[in-house]
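Working notes, beginning with the structure itself.
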Amino acid sequence: MWQEVYKFFIVGSGSWGLTIAKILSENKHKVVVFVRNEEKLKKLEIERLEKGIEIPKDIEFTLNLDDVGNCDFVIIAVPSFAFLETLTKLKNFKNKLFLIATKGFTEELKFKSEIFEEIFQNRNYALISGPNIAIEIAQKKPSATIIASYDLKIAKVFQESLFNDYFRPYIWDDVIGVEIGGSLKNIYAIAGGIIDALNLGLNAKSSLLTRALNEMVKFGVSFGARKITFSGLSGIGDLITTSFSEHSRNHFVGYKLGLGYKLNDILKELSEKNMVAEGIRTTFFVYEISKQKQIEMPIVKVIRKILNSEIDINEGIRMLIKRPLKREFE
């Protein structure tokens with residue numbers, strides 16, 4: 001199938017940003033990746049390898065953010081704590097179309113869509129989310145994803161550019177729902193890691209994820225998201241992947257907690273690997289919002305107490321199991 005060739009500017013040289021760059025390059029698009037420091041840029045240019053991801057030779061690297069001016073589209077794939085800073089530096093390019101590949105709430109505890117609209121005063125963007133472990137996609141293992149935008153014409157541009165033999169993007173217009181699904185699943189991945197560490201079995205894991213999805217739906221609908229969105233790739237799809245994957249940083253946090261490690265030691269280990277587990281901050285943020293909105297989210301409440309060392313894990317499990325009996329559906 002013939003498609004127009006575009007030039008993409010990707011901000012973020014981590015696993016996900018480079019995986020997206022790889023897909024676009026294989027689809028014959030031109031790709032420029034922004035790298036924050038010269039040492040890493042030279043390493044990428046020479047080795048053409050990053051965390052097991054092979055980088056095509058025609059992908060270019062730059063230290064200059066202003067090179068975005070020579071590209072058709074911009075993809076943001078930075079950690080959530082760097083999202084605001086990155087967009088602020090790009091505010092002069094408000095007429096470009098953006099794809100937001102960053103997951104999780106920002107350091108300012110805001111939706112990424114909210115920050116984008118505040119800075120650029122428009123909705124020239126789409127969000128990508130779903131069960132997308134970068135290394136698996138880079139290895140050409142089949143995966144699907146969802147690209148959401150208020151303007152489906154924008155979503156379709158990115159959908160067609162990323163579609164190939166092993167990566168299938170869908171499009172949708174529930175931006176808030178897709179964003180919330182991609183953020184909240186990190187909380188439940190911590191719980192999933194705890195279950196795996198304690199070898200509590202598949203019944204426990206399935207029960208957790210089913211009730212977690214219920215909490216995600218209630219939280220999302222309170223912000224105007226559509227319930228059906230959470231039945232899709234950015235909801236149950238991403239929830240399953242993140243809660244089972246050995247590549248998930250949030251699952252790693254839960255697994256280590258389940259083995260008895262202290263949270264500060266786990267965070268130190270992640271920091272030494274230059275990794276961030278978004279689910280920790282997200283847990284505290286979502287808990288506060290759930291209190292304000294009076295949304296019942298018992299799993300979030302228990303994970304917060306465990307992270308805060310208010311209760312031990314066994315007590316947390318008892319709190320969930322021994323809650324007052326009720327109907328499954330309200």
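Scheme for the structure tokens: letters A, B, ... for chains in order shown; per-chain residue numbers from 1; ligand numbers from 1 in order shown.
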
Inset, instruction - Any chance you could list, as a ChimeraX atom specification, the residues in segment 153-323 of chain A that come up helix (DSSP H, G or I) when DSSP is run on the backbone? - result: /A:153-162,175-197,202-222,227-231,233-244,249-258,263-272,278-293,298-307,313-321

For the contact check between segment 21-88 of chain A and segment 270-281 of chain A, emit one row per residue of segment 21-88 of chain A within 12 Å, containing the shortest atom pair and the distance in Å rounded to one decimal, counting only C-alpha atoms, chain then rising number order, as JSON lines.
```
{"residue": "A:Lys51", "atom": "CA", "partner": "A:Lys273", "partner_atom": "CA", "distance": 11.4}
{"residue": "A:Val78", "atom": "CA", "partner": "A:Val276", "partner_atom": "CA", "distance": 11.4}
{"residue": "A:Pro79", "atom": "CA", "partner": "A:Val276", "partner_atom": "CA", "distance": 7.9}
{"residue": "A:Ser80", "atom": "CA", "partner": "A:Glu278", "partner_atom": "CA", "distance": 7.9}
{"residue": "A:Phe81", "atom": "CA", "partner": "A:Glu278", "partner_atom": "CA", "distance": 9.1}
{"residue": "A:Ala82", "atom": "CA", "partner": "A:Val276", "partner_atom": "CA", "distance": 11.5}
```

Those residues you just picked out, can you put them in a file as a PDB file, in the first residue's frame with N, CA and C atoms?
```
ATOM      1  N   LYS A  51      19.646  -0.923  24.763  1.00  0.00           N
ATOM      2  CA  LYS A  51      18.841  -1.852  25.555  1.00  0.00           C
ATOM      3  C   LYS A  51      18.220  -2.951  24.697  1.00  0.00           C
ATOM      4  N   VAL A  78       9.224  11.302  26.219  1.00  0.00           N
ATOM      5  CA  VAL A  78      10.073  11.536  27.390  1.00  0.00           C
ATOM      6  C   VAL A  78       9.366  11.006  28.636  1.00  0.00           C
ATOM      7  N   PRO A  79      10.103  10.787  29.742  1.00  0.00           N
ATOM      8  CA  PRO A  79       9.441  10.411  31.002  1.00  0.00           C
ATOM      9  C   PRO A  79       8.461  11.505  31.427  1.00  0.00           C
ATOM     10  N   SER A  80       7.442  11.129  32.189  1.00  0.00           N
ATOM     11  CA  SER A  80       6.397  12.101  32.548  1.00  0.00           C
ATOM     12  C   SER A  80       6.943  13.290  33.336  1.00  0.00           C
ATOM     13  N   PHE A  81       8.022  13.085  34.120  1.00  0.00           N
ATOM     14  CA  PHE A  81       8.552  14.201  34.907  1.00  0.00           C
ATOM     15  C   PHE A  81       9.190  15.280  34.027  1.00  0.00           C
ATOM     16  N   ALA A  82       9.532  14.924  32.780  1.00  0.00           N
ATOM     17  CA  ALA A  82      10.154  15.891  31.871  1.00  0.00           C
ATOM     18  C   ALA A  82       9.174  16.440  30.840  1.00  0.00           C
TER      19      ALA A  82
END
```

Inset, instruction - Go ahead and compute the interatomic distance for atom CA of Phe9 of chain A and atom CA of Asn70 of chain A, in Å to one decimal. - result: 8.6 Å

Inset, instruction - Please identify which residues in segment 54-131 of chain A DSSP calls strand (DSSP E) from the backbone, and express them as a VMD selection string. - result: chain A and resid 54 60 to 62 73 to 76 97 to 100 125 to 129

Inset, instruction - Find the residues near Cys71 of chain A: any atom within 12 Å, counting only C-alpha atoms, skip ones fewer than 3 places away on the same chain, and give them as a count of residues only. - result: 22

Inset, instruction - Find, counting only C-alpha atoms, the residue in A:Asn203, A:Ser149, A:Asn122, A:Asn186 that gets nearest to Asp173 of chain A. - result: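 Looking only at the distances to Asp173 of chain A, the closest residue turns out to be A:Ser149.
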
Legend entry - Near-Tyr261 of chain A list (12 Å; only C-alpha atoms; drop same-chain fewer than 5 positions) as number ranges by chain: A: 194, 197, 252-256, 266-269, 306-307, 309, 312-313

Inset, instruction - Tell me, in Å to one decimal, how far atom CA of Lys57 of chain A is from atom CA of Glu26 of chain A. - result: 10.6 Å
